[in-house]
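Student: I'd like to ask you about the structure that follows.
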Amino acid sequence: MTVPSTLHPTPFGFISFDNNEQFHSTVREQLAQDIDVLFAYAKLPSPLVDACRYVMTGQGKLVRPLLVASAFSSITANNNNSLKQTDIQQKSSEQNDGLDALLESNADYDMARRAALAVELLHTYSLVHDDLPCMDDDDLRRGQPTAHIVFDEATALLAGDVLQTLAFEVLTAELPTFAPYDSDIANQLLAIFAPRARRMVSGQMLDLNAEASDSISQTDLEAIHRDKTGALIEAAMLMGGVCAGATAPQRMALQECAQHIGLAFQVQDDILDVTTSTDTLGKPAGSDEKLDKSTYVKFMGVEKATDYAQSLFNDGRTAIMRELSSGELSSENEKTDTDNDALLALIEWLWSRKK
């Protein structure tokens, strides 16, 4: 395909956050364009490239790239608000050329674009492999037939393999429409991403082991999902924060928030598996019960599991609000809330999701 020379809609870190719909639309548009750029760069043979495009362009929620974008936006906005106006003016007067500052900002934004791509590539690889006959043997994902059904098992396996490798390559690849990568930020992103990618795979193995056990406890279940589901959610939020220049306390707050949200997300999935239709979910409803998996609903029932998910979302919200509200905010923005902060709004969106 021919890659357009300019694929750069308004950066999600440098637009006013009006509402979730507008913000998410911008992020999704950017990600879709960046996926096109990446596959043109990678020059994969057919049918491998076709399978990769197929699984990367389905109707997914894109939670992980949205977490990167939201963390990037929230930290950027918070740190900008905490600067005194005199400091901003002083910094401006010291710049020889306003274009230099714009290019520097765009470079940070482009590292966030890379991070968003990386987490979605890794997540999609895990879904492709999870759906294989040797794992969960599912035939529907993101509202469409799974990769091994549309193509074949070998192609699906290789598609997952190459998406995993591209997830790391994209952080430092010389991609058209991207600014040159920042080596310092890239090193930090890799240090966050690699161990959490490993934890995700370990969590999947623990989950498979648990299916063969009749003595798993809720504590064991939480340990599984803090790795299988939570690790990549944690990586997404931290990577977005790093690209925005998050301070050490801000990174700690992002990590604490992500740990609560990651577990809440899995509890929600268990609830939705038994309360939502296949058409709404975009994947087979009731699959956990079919596989006799240990779930939060199985341990707690729907009502108590829902209360537990709510408490986890509340804890995650509180963790990040403490740090986002700790700076010297302007008089027009004395309180951080879901109406003006991308990350807090995303948490609310996640809590209300139906699939």
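Chain identifiers are assigned as A, B, and so on, following the order in which chains appear in the structure tokens; residues are numbered from 1 within each chain, and ligands are numbered from 1 in order of appearance.
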Extract, using only C-alpha atoms, all DNA, RNA and protein residues at most 10 Å from Ala154 of chain A, discarding same-chain residues fewer than 4 positions from it, and format them as a PyMOL selection string.

Tutor: chain A and resi 48+132+147-148+158-159

Student: Quick one: write out the picked residues with all heavy atoms as an mmCIF file, in the first residue's frame?

Tutor:
data_model
loop_
_atom_site.group_PDB
_atom_site.id
_atom_site.type_symbol
_atom_site.label_atom_id
_atom_site.label_comp_id
_atom_site.auth_asym_id
_atom_site.auth_seq_id
_atom_site.Cartn_x
_atom_site.Cartn_y
_atom_site.Cartn_z
ATOM 1 N N LEU A 48 0.511 -13.740 5.969
ATOM 2 C CA LEU A 48 0.829 -13.273 7.312
ATOM 3 C C LEU A 48 0.368 -11.833 7.531
ATOM 4 O O LEU A 48 -0.263 -11.509 8.545
ATOM 5 C CB LEU A 48 2.336 -13.390 7.572
ATOM 6 C CG LEU A 48 2.844 -12.991 8.959
ATOM 7 C CD1 LEU A 48 2.187 -13.828 10.046
ATOM 8 C CD2 LEU A 48 4.366 -13.120 9.039
ATOM 9 N N LEU A 132 -6.434 -20.015 20.030
ATOM 10 C CA LEU A 132 -6.021 -21.209 19.292
ATOM 11 C C LEU A 132 -6.608 -22.479 19.911
ATOM 12 O O LEU A 132 -6.895 -22.527 21.111
ATOM 13 C CB LEU A 132 -4.495 -21.301 19.268
ATOM 14 C CG LEU A 132 -3.759 -20.273 18.409
ATOM 15 C CD1 LEU A 132 -2.260 -20.360 18.636
ATOM 16 C CD2 LEU A 132 -4.094 -20.464 16.927
ATOM 17 N N ALA A 147 -8.696 -15.664 14.136
ATOM 18 C CA ALA A 147 -7.695 -15.732 13.066
ATOM 19 C C ALA A 147 -7.508 -17.142 12.535
ATOM 20 O O ALA A 147 -7.381 -17.350 11.322
ATOM 21 C CB ALA A 147 -6.367 -15.174 13.567
ATOM 22 N N HIS A 148 -7.483 -18.134 13.419
ATOM 23 C CA HIS A 148 -7.231 -19.502 12.939
ATOM 24 C C HIS A 148 -8.434 -20.071 12.193
ATOM 25 O O HIS A 148 -8.290 -21.034 11.439
ATOM 26 C CB HIS A 148 -6.831 -20.424 14.097
ATOM 27 C CG HIS A 148 -7.923 -20.722 15.073
ATOM 28 N ND1 HIS A 148 -8.213 -19.896 16.129
ATOM 29 C CD2 HIS A 148 -8.792 -21.753 15.158
ATOM 30 C CE1 HIS A 148 -9.209 -20.407 16.838
ATOM 31 N NE2 HIS A 148 -9.584 -21.528 16.261
ATOM 32 N N LEU A 158 1.762 -17.759 13.662
ATOM 33 C CA LEU A 158 2.828 -16.865 13.215
ATOM 34 C C LEU A 158 2.419 -15.399 13.309
ATOM 35 O O LEU A 158 3.256 -14.534 13.577
ATOM 36 C CB LEU A 158 3.222 -17.213 11.777
ATOM 37 C CG LEU A 158 3.965 -18.541 11.599
ATOM 38 C CD1 LEU A 158 4.161 -18.852 10.124
ATOM 39 C CD2 LEU A 158 5.312 -18.524 12.332
ATOM 40 N N ALA A 159 1.145 -15.113 13.094
ATOM 41 C CA ALA A 159 0.668 -13.740 13.248
ATOM 42 C C ALA A 159 0.878 -13.273 14.681
ATOM 43 O O ALA A 159 1.347 -12.155 14.925
ATOM 44 C CB ALA A 159 -0.808 -13.640 12.861
#

Student: Tell me which protein, DNA and RNA residues are within 7 Å of segment 209-226 of chain A, counting only C-alpha atoms, leaving out same-chain ones fewer than 3 positions away, and put them as a ChimeraX atom specification.

Tutor: /A:203,205-206,229-231,262-263,266,292-293,299

Student: Restricted to N, CA, C and O atoms, what would the selected residues look like written as a PDB file, in the first residue's frame?

Tutor:
ATOM      1  N   GLY A 203       1.178 -15.290  33.615  1.00  0.00           N
ATOM      2  CA  GLY A 203      -0.191 -15.326  34.109  1.00  0.00           C
ATOM      3  C   GLY A 203      -1.077 -16.248  33.295  1.00  0.00           C
ATOM      4  O   GLY A 203      -1.957 -16.938  33.838  1.00  0.00           O
ATOM      5  N   MET A 205      -0.041 -18.945  31.772  1.00  0.00           N
ATOM      6  CA  MET A 205       0.309 -20.312  32.155  1.00  0.00           C
ATOM      7  C   MET A 205      -0.337 -20.684  33.486  1.00  0.00           C
ATOM      8  O   MET A 205      -0.871 -21.783  33.654  1.00  0.00           O
ATOM      9  N   LEU A 206      -0.308 -19.755  34.438  1.00  0.00           N
ATOM     10  CA  LEU A 206      -0.946 -20.003  35.734  1.00  0.00           C
ATOM     11  C   LEU A 206      -2.445 -20.212  35.569  1.00  0.00           C
ATOM     12  O   LEU A 206      -3.057 -21.026  36.276  1.00  0.00           O
ATOM     13  N   THR A 229      -3.824 -10.167  33.252  1.00  0.00           N
ATOM     14  CA  THR A 229      -4.548  -8.988  32.763  1.00  0.00           C
ATOM     15  C   THR A 229      -3.913  -7.692  33.243  1.00  0.00           C
ATOM     16  O   THR A 229      -3.739  -6.743  32.480  1.00  0.00           O
ATOM     17  N   GLY A 230      -3.544  -7.650  34.522  1.00  0.00           N
ATOM     18  CA  GLY A 230      -3.109  -6.400  35.131  1.00  0.00           C
ATOM     19  C   GLY A 230      -1.761  -5.896  34.668  1.00  0.00           C
ATOM     20  O   GLY A 230      -1.534  -4.678  34.617  1.00  0.00           O
ATOM     21  N   ALA A 231      -0.848  -6.797  34.331  1.00  0.00           N
ATOM     22  CA  ALA A 231       0.518  -6.372  34.015  1.00  0.00           C
ATOM     23  C   ALA A 231       0.557  -5.440  32.812  1.00  0.00           C
ATOM     24  O   ALA A 231       1.268  -4.425  32.816  1.00  0.00           O
ATOM     25  N   GLY A 262      -6.538  -2.808  36.808  1.00  0.00           N
ATOM     26  CA  GLY A 262      -6.289  -4.067  36.117  1.00  0.00           C
ATOM     27  C   GLY A 262      -7.088  -5.213  36.714  1.00  0.00           C
ATOM     28  O   GLY A 262      -7.662  -6.036  35.987  1.00  0.00           O
ATOM     29  N   LEU A 263      -7.130  -5.273  38.039  1.00  0.00           N
ATOM     30  CA  LEU A 263      -7.901  -6.333  38.691  1.00  0.00           C
ATOM     31  C   LEU A 263      -9.401  -6.094  38.506  1.00  0.00           C
ATOM     32  O   LEU A 263     -10.164  -7.029  38.236  1.00  0.00           O
ATOM     33  N   GLN A 266     -10.647  -7.343  35.164  1.00  0.00           N
ATOM     34  CA  GLN A 266     -10.858  -8.786  35.070  1.00  0.00           C
ATOM     35  C   GLN A 266     -12.123  -9.216  35.805  1.00  0.00           C
ATOM     36  O   GLN A 266     -12.872 -10.072  35.324  1.00  0.00           O
ATOM     37  N   ASP A 292     -15.094 -24.394  32.654  1.00  0.00           N
ATOM     38  CA  ASP A 292     -15.041 -24.625  34.102  1.00  0.00           C
ATOM     39  C   ASP A 292     -13.906 -23.829  34.747  1.00  0.00           C
ATOM     40  O   ASP A 292     -13.158 -24.340  35.582  1.00  0.00           O
ATOM     41  N   LYS A 293     -13.774 -22.569  34.331  1.00  0.00           N
ATOM     42  CA  LYS A 293     -12.719 -21.719  34.872  1.00  0.00           C
ATOM     43  C   LYS A 293     -13.114 -21.181  36.242  1.00  0.00           C
ATOM     44  O   LYS A 293     -14.299 -20.964  36.531  1.00  0.00           O
ATOM     45  N   PHE A 299     -16.683 -17.481  42.718  1.00  0.00           N
ATOM     46  CA  PHE A 299     -16.333 -17.360  44.133  1.00  0.00           C
ATOM     47  C   PHE A 299     -17.332 -16.497  44.905  1.00  0.00           C
ATOM     48  O   PHE A 299     -17.653 -16.789  46.062  1.00  0.00           O
TER      49      PHE A 299
END

Student: What gap, in Å, lies between atom CA of Gln144 of chain A and atom CA of Thr26 of chain A?

Tutor: 23.9 Å

Student: Give the answer as one residue: which of A:Ala71, A:Val49, A:Leu121, A:Ala32 has the shortest atom-to-atom distance to Ala342 of chain A, using only C-alpha atoms?

Tutor: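 So, comparing all the options, the nearest one is A:Ala71.
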
Student: For atom CA of Met300 of chain A and atom CA of Ile271 of chain A, quote the distance in Å rounded to one decimal.

Tutor: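 Going from atom CA of Met300 of chain A over to atom CA of Ile271 of chain A covers 10.4 Å.
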
Student: Among segment 168-223 of chain A, which ones does DSSP assign to helix (DSSP H, G or I) (computed from the backbone)? Answer as an MDAnalysis selection string.

Tutor: chainID A and resid 168:169 183:211 218:223

Student: Hey, can you spit out that residue selection with N, CA, C and O atoms as a CSV table (one decimal), in the first residue's frame?

Tutor:
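Written file, part.csv:
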chain,number,residue,atom,x,y,z
A,168,PHE,N,7.9,-4.7,20.4
A,168,PHE,CA,9.2,-4.2,20.9
A,168,PHE,C,9.9,-3.4,19.8
A,168,PHE,O,10.5,-2.3,20.1
A,169,GLU,N,9.8,-3.8,18.6
A,169,GLU,CA,10.5,-3.1,17.5
A,169,GLU,C,10.0,-1.7,17.3
A,169,GLU,O,10.8,-0.8,17.0
A,183,SER,N,16.1,8.1,22.7
A,183,SER,CA,16.7,6.9,23.2
A,183,SER,C,16.5,6.8,24.7
A,183,SER,O,16.3,5.6,25.3
A,184,ASP,N,16.5,7.9,25.4
A,184,ASP,CA,16.3,7.8,26.9
A,184,ASP,C,14.9,7.4,27.2
A,184,ASP,O,14.7,6.5,28.1
A,185,ILE,N,13.9,7.9,26.6
A,185,ILE,CA,12.5,7.5,26.8
A,185,ILE,C,12.3,6.0,26.4
A,185,ILE,O,11.7,5.2,27.0
A,186,ALA,N,12.9,5.7,25.2
A,186,ALA,CA,12.8,4.3,24.7
A,186,ALA,C,13.3,3.3,25.7
A,186,ALA,O,12.7,2.2,25.9
A,187,ASN,N,14.5,3.6,26.3
A,187,ASN,CA,15.1,2.7,27.3
A,187,ASN,C,14.1,2.6,28.5
A,187,ASN,O,14.0,1.5,29.1
A,188,GLN,N,13.5,3.7,28.9
A,188,GLN,CA,12.6,3.6,30.1
A,188,GLN,C,11.4,2.8,29.7
A,188,GLN,O,10.8,2.0,30.5
A,189,LEU,N,10.9,3.0,28.5
A,189,LEU,CA,9.7,2.2,28.0
A,189,LEU,C,10.0,0.7,28.0
A,189,LEU,O,9.2,-0.1,28.4
A,190,LEU,N,11.1,0.3,27.5
A,190,LEU,CA,11.5,-1.1,27.4
A,190,LEU,C,11.6,-1.7,28.8
A,190,LEU,O,11.2,-2.8,29.0
A,191,ALA,N,12.2,-0.9,29.7
A,191,ALA,CA,12.3,-1.4,31.1
A,191,ALA,C,11.0,-1.6,31.8
A,191,ALA,O,10.9,-2.5,32.7
A,192,ILE,N,10.0,-0.9,31.4
A,192,ILE,CA,8.6,-1.0,31.9
A,192,ILE,C,7.9,-2.2,31.2
A,192,ILE,O,7.3,-3.1,31.8
A,193,PHE,N,8.1,-2.2,29.9
A,193,PHE,CA,7.3,-3.1,29.0
A,193,PHE,C,7.7,-4.6,29.1
A,193,PHE,O,6.9,-5.5,29.2
A,194,ALA,N,9.0,-4.8,29.0
A,194,ALA,CA,9.5,-6.2,28.9
A,194,ALA,C,9.1,-7.1,30.1
A,194,ALA,O,8.6,-8.2,29.9
A,195,PRO,N,9.4,-6.7,31.3
A,195,PRO,CA,9.0,-7.5,32.4
A,195,PRO,C,7.5,-7.7,32.5
A,195,PRO,O,7.0,-8.8,33.0
A,196,ARG,N,6.7,-6.8,32.1
A,196,ARG,CA,5.3,-6.9,32.2
A,196,ARG,C,4.7,-7.8,31.1
A,196,ARG,O,3.7,-8.5,31.3
A,197,ALA,N,5.4,-7.8,30.0
A,197,ALA,CA,5.1,-8.7,28.9
A,197,ALA,C,5.3,-10.1,29.4
A,197,ALA,O,4.5,-11.0,29.1
A,198,ARG,N,6.4,-10.3,30.0
A,198,ARG,CA,6.8,-11.7,30.6
A,198,ARG,C,5.7,-12.1,31.6
A,198,ARG,O,5.3,-13.2,31.7
A,199,ARG,N,5.3,-11.1,32.5
A,199,ARG,CA,4.3,-11.4,33.5
A,199,ARG,C,3.0,-11.8,32.9
A,199,ARG,O,2.3,-12.7,33.4
A,200,MET,N,2.6,-11.2,31.8
A,200,MET,CA,1.4,-11.5,31.1
A,200,MET,C,1.4,-13.0,30.6
A,200,MET,O,0.4,-13.7,30.8
A,201,VAL,N,2.5,-13.4,30.1
A,201,VAL,CA,2.6,-14.8,29.6
A,201,VAL,C,2.6,-15.8,30.8
A,201,VAL,O,1.9,-16.8,30.8
A,202,SER,N,3.3,-15.4,31.9
A,202,SER,CA,3.3,-16.2,33.1
A,202,SER,C,1.9,-16.4,33.6
A,202,SER,O,1.5,-17.5,34.1
A,203,GLY,N,1.2,-15.3,33.6
A,203,GLY,CA,-0.2,-15.3,34.1
A,203,GLY,C,-1.1,-16.2,33.3
A,203,GLY,O,-2.0,-16.9,33.8
A,204,GLN,N,-0.8,-16.3,32.0
A,204,GLN,CA,-1.6,-17.2,31.1
A,204,GLN,C,-1.3,-18.6,31.5
A,204,GLN,O,-2.2,-19.5,31.5
A,205,MET,N,0.0,-18.9,31.8
A,205,MET,CA,0.3,-20.3,32.2
A,205,MET,C,-0.3,-20.7,33.5
A,205,MET,O,-0.9,-21.8,33.7
A,206,LEU,N,-0.3,-19.8,34.4
A,206,LEU,CA,-0.9,-20.0,35.7
A,206,LEU,C,-2.4,-20.2,35.6
A,206,LEU,O,-3.1,-21.0,36.3
A,207,ASP,N,-3.0,-19.5,34.6
A,207,ASP,CA,-4.5,-19.6,34.4
A,207,ASP,C,-4.8,-21.0,33.8
A,207,ASP,O,-5.8,-21.7,34.2
A,208,LEU,N,-4.0,-21.5,32.9
A,208,LEU,CA,-4.1,-22.8,32.4
A,208,LEU,C,-3.9,-23.9,33.4
A,208,LEU,O,-4.7,-24.9,33.5
A,209,ASN,N,-3.0,-23.7,34.3
A,209,ASN,CA,-2.7,-24.6,35.4
A,209,ASN,C,-4.0,-24.7,36.3
A,209,ASN,O,-4.3,-25.7,36.8
A,210,ALA,N,-4.6,-23.5,36.6
A,210,ALA,CA,-5.7,-23.4,37.5
A,210,ALA,C,-6.9,-24.2,36.9
A,210,ALA,O,-7.7,-24.7,37.7
A,211,GLU,N,-7.0,-24.2,35.6
A,211,GLU,CA,-8.2,-25.0,35.0
A,211,GLU,C,-8.1,-26.5,35.4
A,211,GLU,O,-9.2,-27.1,35.4
A,218,GLN,N,-9.4,-17.6,46.0
A,218,GLN,CA,-9.6,-16.3,45.4
A,218,GLN,C,-8.3,-15.6,45.4
A,218,GLN,O,-8.0,-14.8,44.5
A,219,THR,N,-7.4,-15.8,46.4
A,219,THR,CA,-6.1,-15.2,46.5
A,219,THR,C,-5.3,-15.7,45.3
A,219,THR,O,-4.6,-14.9,44.7
A,220,ASP,N,-5.3,-17.0,45.0
A,220,ASP,CA,-4.6,-17.5,43.9
A,220,ASP,C,-5.1,-16.9,42.6
A,220,ASP,O,-4.4,-16.5,41.7
A,221,LEU,N,-6.5,-16.7,42.5
A,221,LEU,CA,-7.1,-16.1,41.3
A,221,LEU,C,-6.6,-14.7,41.1
A,221,LEU,O,-6.3,-14.3,40.0
A,222,GLU,N,-6.5,-13.9,42.1
A,222,GLU,CA,-6.1,-12.5,42.0
A,222,GLU,C,-4.6,-12.5,41.6
A,222,GLU,O,-4.2,-11.6,40.8
A,223,ALA,N,-3.8,-13.4,42.1
A,223,ALA,CA,-2.4,-13.4,41.7
A,223,ALA,C,-2.3,-13.7,40.2
A,223,ALA,O,-1.4,-13.1,39.5
